[in-house]
Amino acid sequence: VGRLHVLSDHASGDPGRVLDEVADALRGLLRDEGLSEDDLVAVGVGSAGLVDAASGVLRTSPNLPGWRDVPVRAELAARLRPPVRLINDAAAFLAAEWLAGAATGVDHALFVTLGTGVGGGLILDGRPYRGPTGLGGEIGHMSIDLDGPSCPCGNRGCLERFVARGAIERLAVELGLAAEGADNPKRVHERAEAGDPRARRLFAEVGRRLGAGLAGLANLLEPRLIVVGGGIAAANAFFLPAARAELEIRSMVARQYSLPIVPARFGPEAGIVGAALVAGRGDERFA
Ligand SMILES: [Zn+2]
């Protein structure tokens, strides 16, 4: 990643105008690097939401409420010369970490992203796996509590409700951190770094919950490596030790051999790196 150009405050804007700005920003990046459009091999787009990778159409996206059935690939291809590829952001994260990141060369690996929600990805037998129609791999929506809080997915007690941003914010209220201004994961992380025992206890609890969820997956899939990314993974030093301990307690597979849980290599750029790699290599395994 040479340079990151951030466009903001356009989430609900007209798709055509936003894509105009994306194309302009890309040309600007090329100029800044002393390159021209002829040097561009491919353009990769990673987007949250329901993506039809085969047709390059973004069906719906939680972050772009006004966007429905937008032909992102065709629209960008009309603005830029090289081939354009559109994939889901979770697939882009998986691609970045598997092709060039923490799980490079690992044939059996599990990927989890912790942020507003919990995303997931699987590499099984050396290939990405998402089920016959791409609906699989939803690690965040396994129940870890039968009667737990309801989840927008229709289930109750999903892992997502226990380890994602909302769970951290609820724990921050319970522990009195929110009342002192540490009311989101970033601020709680800062407090943990400053040595606040409540913030450290909070992350240890999140790690314990995560480890419990991962134990079931480890028993089911026998991965050789688990990669944890997403915004909350910035605080991995405070929750991965508890996750590892819980995984070992609960998973017979993890007890058979050392099953490492490691932080992702790419931070917020994972989606960008993954989409670019997939587009540049013409790799058809990711959707
Ligand atoms: Zn759910």
# chains A, B, ... in the order shown; residues from 1 in each chain; ligands from 1
>>> select_by_dssp(residues="stretch 36-138 of chain A", states="strand (DSSP E or B)", output="MDAnalysis selection string")
chainID A and resid 43:47 50:52 57:60 68:70 84:88 109:114 118:124 127:129
>>> write_last_selection(atoms="N, CA and C atoms", output="compact mmCIF listing (two decimals), in the first residue's frame")
# COMPACT_ATOMS: atom_id res chain seq x y z
N VAL A 43 -8.15 -3.17 -10.94
CA VAL A 43 -8.72 -2.42 -9.83
C VAL A 43 -9.56 -3.39 -8.99
N GLY A 44 -9.24 -3.48 -7.71
CA GLY A 44 -9.99 -4.37 -6.82
C GLY A 44 -10.81 -3.56 -5.84
N VAL A 45 -12.07 -3.96 -5.66
CA VAL A 45 -12.95 -3.27 -4.72
C VAL A 45 -13.45 -4.28 -3.68
N GLY A 46 -13.24 -3.98 -2.42
CA GLY A 46 -13.78 -4.81 -1.35
C GLY A 46 -14.91 -4.04 -0.69
N SER A 47 -16.09 -4.63 -0.64
CA SER A 47 -17.23 -3.90 -0.07
C SER A 47 -17.97 -4.74 0.95
N LEU A 50 -23.87 -7.58 0.66
CA LEU A 50 -24.15 -8.72 -0.21
C LEU A 50 -23.62 -8.41 -1.59
N VAL A 51 -22.59 -9.15 -1.98
CA VAL A 51 -21.91 -8.89 -3.24
C VAL A 51 -22.13 -10.07 -4.18
N ASP A 52 -22.49 -9.78 -5.42
CA ASP A 52 -22.50 -10.82 -6.45
C ASP A 52 -21.18 -10.69 -7.21
N VAL A 57 -21.91 -6.95 -9.04
CA VAL A 57 -23.00 -6.08 -8.58
C VAL A 57 -23.06 -6.09 -7.05
N LEU A 58 -23.14 -4.89 -6.47
CA LEU A 58 -23.34 -4.77 -5.03
C LEU A 58 -24.85 -4.77 -4.77
N ARG A 59 -25.36 -5.89 -4.20
CA ARG A 59 -26.80 -6.02 -3.98
C ARG A 59 -27.28 -5.05 -2.91
N THR A 60 -26.75 -5.20 -1.69
CA THR A 60 -27.08 -4.29 -0.59
C THR A 60 -25.84 -4.14 0.26
N ARG A 68 -28.68 -0.07 -3.86
CA ARG A 68 -29.32 -1.36 -4.12
C ARG A 68 -29.00 -1.78 -5.55
N ASP A 69 -28.48 -3.01 -5.70
CA ASP A 69 -28.18 -3.55 -7.03
C ASP A 69 -27.36 -2.57 -7.87
N VAL A 70 -26.27 -2.07 -7.29
CA VAL A 70 -25.41 -1.14 -8.03
C VAL A 70 -24.35 -1.94 -8.78
N VAL A 84 -11.90 -4.53 -13.57
CA VAL A 84 -12.31 -4.23 -12.20
C VAL A 84 -12.88 -5.49 -11.58
N ARG A 85 -12.60 -5.70 -10.31
CA ARG A 85 -13.14 -6.87 -9.61
C ARG A 85 -13.77 -6.40 -8.31
N LEU A 86 -14.97 -6.88 -8.04
CA LEU A 86 -15.67 -6.54 -6.79
C LEU A 86 -15.82 -7.79 -5.95
N ILE A 87 -15.34 -7.74 -4.70
CA ILE A 87 -15.55 -8.87 -3.79
C ILE A 87 -16.03 -8.35 -2.44
N ASN A 88 -16.56 -9.26 -1.64
CA ASN A 88 -17.04 -8.94 -0.29
C ASN A 88 -15.84 -8.57 0.60
N ALA A 109 -6.90 -22.93 7.96
CA ALA A 109 -6.83 -21.75 8.82
C ALA A 109 -8.21 -21.14 9.00
N LEU A 110 -8.37 -20.50 10.14
CA LEU A 110 -9.62 -19.88 10.53
C LEU A 110 -9.37 -18.39 10.70
N PHE A 111 -10.29 -17.55 10.18
CA PHE A 111 -10.10 -16.10 10.23
C PHE A 111 -11.30 -15.46 10.89
N VAL A 112 -11.04 -14.58 11.84
CA VAL A 112 -12.12 -13.90 12.55
C VAL A 112 -11.83 -12.41 12.54
N THR A 113 -12.85 -11.60 12.22
CA THR A 113 -12.68 -10.15 12.36
C THR A 113 -13.63 -9.65 13.44
N LEU A 114 -13.09 -8.82 14.32
CA LEU A 114 -13.87 -8.25 15.41
C LEU A 114 -14.01 -6.76 15.17
N VAL A 118 -18.97 -9.50 13.91
CA VAL A 118 -17.91 -10.50 13.84
C VAL A 118 -17.97 -11.16 12.48
N GLY A 119 -16.91 -11.02 11.72
CA GLY A 119 -16.85 -11.65 10.41
C GLY A 119 -15.98 -12.89 10.48
N GLY A 120 -16.05 -13.70 9.45
CA GLY A 120 -15.23 -14.90 9.49
C GLY A 120 -14.82 -15.35 8.12
N GLY A 121 -13.90 -16.28 8.11
CA GLY A 121 -13.47 -16.88 6.87
C GLY A 121 -12.77 -18.19 7.16
N LEU A 122 -12.84 -19.09 6.18
CA LEU A 122 -12.22 -20.40 6.36
C LEU A 122 -11.35 -20.73 5.17
N ILE A 123 -10.16 -21.24 5.45
CA ILE A 123 -9.37 -21.90 4.42
C ILE A 123 -9.33 -23.36 4.81
N LEU A 124 -9.91 -24.22 3.97
CA LEU A 124 -9.95 -25.65 4.25
C LEU A 124 -9.30 -26.38 3.08
N ARG A 127 -8.09 -24.15 0.25
CA ARG A 127 -9.01 -23.34 -0.55
C ARG A 127 -9.95 -22.56 0.36
N PRO A 128 -10.35 -21.35 -0.08
CA PRO A 128 -11.38 -20.64 0.69
C PRO A 128 -12.68 -21.46 0.66
N TYR A 129 -13.38 -21.50 1.79
CA TYR A 129 -14.64 -22.24 1.84
C TYR A 129 -15.76 -21.34 2.34
>>> closest_atom_pairs(of="chain A", to="ligand 1", cutoff="8 Å", atoms="only C-alpha atoms and all ligand atoms", output="Markdown table")
| residue | atom | partner | partner_atom_place_in_ligand_line | distance |
| --- | --- | --- | --- | --- |
| A:Gly140 | CA | ligand 1 | 1 (Zn) | 6.5 |
| A:His141 | CA | ligand 1 | 1 (Zn) | 4.0 |
| A:Met142 | CA | ligand 1 | 1 (Zn) | 6.9 |
| A:Ser143 | CA | ligand 1 | 1 (Zn) | 7.6 |
| A:Ser150 | CA | ligand 1 | 1 (Zn) | 7.5 |
| A:Cys151 | CA | ligand 1 | 1 (Zn) | 4.5 |
| A:Pro152 | CA | ligand 1 | 1 (Zn) | 6.0 |
| A:Cys153 | CA | ligand 1 | 1 (Zn) | 4.3 |
| A:Gly154 | CA | ligand 1 | 1 (Zn) | 6.3 |
| A:Asn155 | CA | ligand 1 | 1 (Zn) | 5.1 |
| A:Arg156 | CA | ligand 1 | 1 (Zn) | 6.5 |
| A:Gly157 | CA | ligand 1 | 1 (Zn) | 7.3 |
| A:Cys158 | CA | ligand 1 | 1 (Zn) | 4.7 |
| A:Leu159 | CA | ligand 1 | 1 (Zn) | 7.4 |
| A:Glu160 | CA | ligand 1 | 1 (Zn) | 6.5 |
| A:Arg161 | CA | ligand 1 | 1 (Zn) | 7.4 |
>>> write_last_selection(atoms="N, CA, C and O atoms", output="PDB file, in the first residue's frame")
ATOM      1  N   GLY A 140     -19.562 -15.471  13.368  1.00  0.00           N
ATOM      2  CA  GLY A 140     -20.158 -14.589  14.374  1.00  0.00           C
ATOM      3  C   GLY A 140     -21.550 -14.999  14.821  1.00  0.00           C
ATOM      4  O   GLY A 140     -22.045 -14.502  15.825  1.00  0.00           O
ATOM      5  N   HIS A 141     -22.185 -15.887  14.065  1.00  0.00           N
ATOM      6  CA  HIS A 141     -23.578 -16.214  14.379  1.00  0.00           C
ATOM      7  C   HIS A 141     -23.771 -17.656  14.849  1.00  0.00           C
ATOM      8  O   HIS A 141     -24.799 -18.267  14.623  1.00  0.00           O
ATOM      9  N   MET A 142     -22.760 -18.153  15.565  1.00  0.00           N
ATOM     10  CA  MET A 142     -22.917 -19.409  16.308  1.00  0.00           C
ATOM     11  C   MET A 142     -23.381 -19.019  17.707  1.00  0.00           C
ATOM     12  O   MET A 142     -22.848 -18.094  18.310  1.00  0.00           O
ATOM     13  N   SER A 143     -24.370 -19.761  18.238  1.00  0.00           N
ATOM     14  CA  SER A 143     -24.815 -19.491  19.610  1.00  0.00           C
ATOM     15  C   SER A 143     -23.756 -19.943  20.603  1.00  0.00           C
ATOM     16  O   SER A 143     -23.268 -21.067  20.530  1.00  0.00           O
ATOM     17  N   SER A 150     -31.000 -11.510  21.852  1.00  0.00           N
ATOM     18  CA  SER A 150     -31.380 -11.784  20.469  1.00  0.00           C
ATOM     19  C   SER A 150     -30.447 -11.029  19.526  1.00  0.00           C
ATOM     20  O   SER A 150     -29.855 -10.015  19.881  1.00  0.00           O
ATOM     21  N   CYS A 151     -30.347 -11.567  18.338  1.00  0.00           N
ATOM     22  CA  CYS A 151     -29.398 -11.042  17.353  1.00  0.00           C
ATOM     23  C   CYS A 151     -30.186 -10.682  16.092  1.00  0.00           C
ATOM     24  O   CYS A 151     -31.160 -11.362  15.760  1.00  0.00           O
ATOM     25  N   PRO A 152     -29.786  -9.627  15.372  1.00  0.00           N
ATOM     26  CA  PRO A 152     -30.503  -9.271  14.144  1.00  0.00           C
ATOM     27  C   PRO A 152     -30.589 -10.420  13.135  1.00  0.00           C
ATOM     28  O   PRO A 152     -31.471 -10.432  12.276  1.00  0.00           O
ATOM     29  N   CYS A 153     -29.721 -11.424  13.255  1.00  0.00           N
ATOM     30  CA  CYS A 153     -29.748 -12.547  12.300  1.00  0.00           C
ATOM     31  C   CYS A 153     -30.924 -13.471  12.548  1.00  0.00           C
ATOM     32  O   CYS A 153     -31.199 -14.358  11.737  1.00  0.00           O
ATOM     33  N   GLY A 154     -31.636 -13.316  13.695  1.00  0.00           N
ATOM     34  CA  GLY A 154     -32.773 -14.178  13.998  1.00  0.00           C
ATOM     35  C   GLY A 154     -32.486 -15.195  15.090  1.00  0.00           C
ATOM     36  O   GLY A 154     -33.404 -15.798  15.648  1.00  0.00           O
ATOM     37  N   ASN A 155     -31.224 -15.373  15.418  1.00  0.00           N
ATOM     38  CA  ASN A 155     -30.801 -16.329  16.445  1.00  0.00           C
ATOM     39  C   ASN A 155     -30.686 -15.611  17.796  1.00  0.00           C
ATOM     40  O   ASN A 155     -30.908 -14.400  17.887  1.00  0.00           O
ATOM     41  N   ARG A 156     -30.383 -16.352  18.835  1.00  0.00           N
ATOM     42  CA  ARG A 156     -30.097 -15.774  20.150  1.00  0.00           C
ATOM     43  C   ARG A 156     -28.697 -16.173  20.576  1.00  0.00           C
ATOM     44  O   ARG A 156     -28.229 -17.253  20.252  1.00  0.00           O
ATOM     45  N   GLY A 157     -28.082 -15.296  21.382  1.00  0.00           N
ATOM     46  CA  GLY A 157     -26.819 -15.654  22.022  1.00  0.00           C
ATOM     47  C   GLY A 157     -25.664 -15.863  21.066  1.00  0.00           C
ATOM     48  O   GLY A 157     -24.732 -16.619  21.347  1.00  0.00           O
ATOM     49  N   CYS A 158     -25.703 -15.190  19.905  1.00  0.00           N
ATOM     50  CA  CYS A 158     -24.615 -15.325  18.928  1.00  0.00           C
ATOM     51  C   CYS A 158     -23.292 -14.800  19.494  1.00  0.00           C
ATOM     52  O   CYS A 158     -23.276 -13.822  20.259  1.00  0.00           O
ATOM     53  N   LEU A 159     -22.207 -15.432  19.073  1.00  0.00           N
ATOM     54  CA  LEU A 159     -20.864 -14.986  19.482  1.00  0.00           C
ATOM     55  C   LEU A 159     -20.707 -13.474  19.286  1.00  0.00           C
ATOM     56  O   LEU A 159     -20.142 -12.782  20.126  1.00  0.00           O
ATOM     57  N   GLU A 160     -21.235 -12.984  18.164  1.00  0.00           N
ATOM     58  CA  GLU A 160     -21.138 -11.556  17.847  1.00  0.00           C
ATOM     59  C   GLU A 160     -21.657 -10.666  18.982  1.00  0.00           C
ATOM     60  O   GLU A 160     -21.126  -9.594  19.241  1.00  0.00           O
ATOM     61  N   ARG A 161     -22.728 -11.134  19.653  1.00  0.00           N
ATOM     62  CA  ARG A 161     -23.323 -10.347  20.730  1.00  0.00           C
ATOM     63  C   ARG A 161     -22.423 -10.298  21.966  1.00  0.00           C
ATOM     64  O   ARG A 161     -22.689  -9.533  22.887  1.00  0.00           O
TER      65      ARG A 161
END
>>> residues_around(residues="stretch 199-206 of chain A", least_positions_apart="6", cutoff="6 Å", atoms="only C-alpha atoms", output="ChimeraX atom specification")
/A:163,188,191-192,238-239,242
>>> atom_distance(atom1="atom CA of A:Gly34", atom2="atom CA of A:Asp283")
27.3 Å
>>> atom_distance(atom1="atom CA of A:Leu26", atom2="atom CA of A:Trp98")
25.5 Å
>>> closest_residue(among="A:Glu248, A:Gly195, A:Ala167, A:Glu269", to="A:Asn219", atoms="only C-alpha atoms")
A:Glu248
>>> residues_around(residues="A:Ala235", least_positions_apart="4", cutoff="9 Å", atoms="only C-alpha atoms", output="JSON, numbers by chain")
{"A": [185, 186, 189, 190, 192, 193, 203, 231, 239, 240]}
>>> atom_distance(atom1="atom CA of A:Arg285", atom2="atom CA of A:Val106")
15.6 Å
>>> residues_around(residues="A:Pro82", least_positions_apart="5", cutoff="12 Å", atoms="only C-alpha atoms", output="ChimeraX atom specification")
/A:23,36-44,73-74,76-77,279-280,282
>>> closest_residue(among="A:Leu259, A:Ala243, A:Ala178, A:Leu225", to="A:Arg209", atoms="only C-alpha atoms")
A:Ala243
>>> select_by_dssp(residues="stretch 46-268 of chain A", states="helix (DSSP H, G or I)", output="ChimeraX atom specification")
/A:72-79,89-99,139-141,160-163,165-174,178-180,185-193,197-221,231-250,252-256
>>> residues_around(residues="A:Ala215", least_positions_apart="4", cutoff="7 Å", atoms="only C-alpha atoms", output="number ranges by chain")
A: 211, 219, 247, 250-251
>>> write_last_selection(atoms="all heavy atoms", output="compact mmCIF listing (two decimals), in the first residue's frame")
# COMPACT_ATOMS: atom_id res chain seq x y z
N GLY A 211 -12.48 -17.28 22.97
CA GLY A 211 -11.85 -18.61 23.05
C GLY A 211 -12.88 -19.71 23.08
O GLY A 211 -12.71 -20.77 22.46
N ASN A 219 -12.66 -27.81 17.23
CA ASN A 219 -13.06 -29.22 17.29
C ASN A 219 -13.69 -29.68 15.98
O ASN A 219 -13.53 -30.81 15.55
CB ASN A 219 -14.05 -29.44 18.43
CG ASN A 219 -13.38 -29.33 19.80
OD1 ASN A 219 -12.15 -29.38 19.90
ND2 ASN A 219 -14.18 -29.18 20.83
N LEU A 247 -9.34 -21.49 24.85
CA LEU A 247 -9.33 -22.45 23.74
C LEU A 247 -8.72 -23.78 24.19
O LEU A 247 -9.22 -24.86 23.90
CB LEU A 247 -8.53 -21.86 22.57
CG LEU A 247 -8.35 -22.76 21.34
CD1 LEU A 247 -9.69 -22.99 20.64
CD2 LEU A 247 -7.37 -22.13 20.36
N ARG A 250 -11.06 -25.73 26.51
CA ARG A 250 -12.30 -26.26 25.94
C ARG A 250 -12.14 -27.14 24.70
O ARG A 250 -13.08 -27.84 24.33
CB ARG A 250 -13.23 -25.10 25.57
CG ARG A 250 -13.77 -24.36 26.77
CD ARG A 250 -14.67 -23.24 26.30
NE ARG A 250 -15.16 -22.44 27.40
CZ ARG A 250 -16.40 -22.51 27.87
NH1 ARG A 250 -17.26 -23.34 27.35
NH2 ARG A 250 -16.77 -21.73 28.87
N SER A 251 -11.00 -27.04 24.01
CA SER A 251 -10.89 -27.77 22.74
C SER A 251 -9.92 -28.94 22.83
O SER A 251 -8.73 -28.75 23.06
CB SER A 251 -10.44 -26.82 21.63
OG SER A 251 -10.02 -27.57 20.51
>>> closest_residue(among="A:Val72, A:Gly28, A:Ile139, A:Gly126", to="A:Gly213", atoms="only C-alpha atoms")
A:Ile139
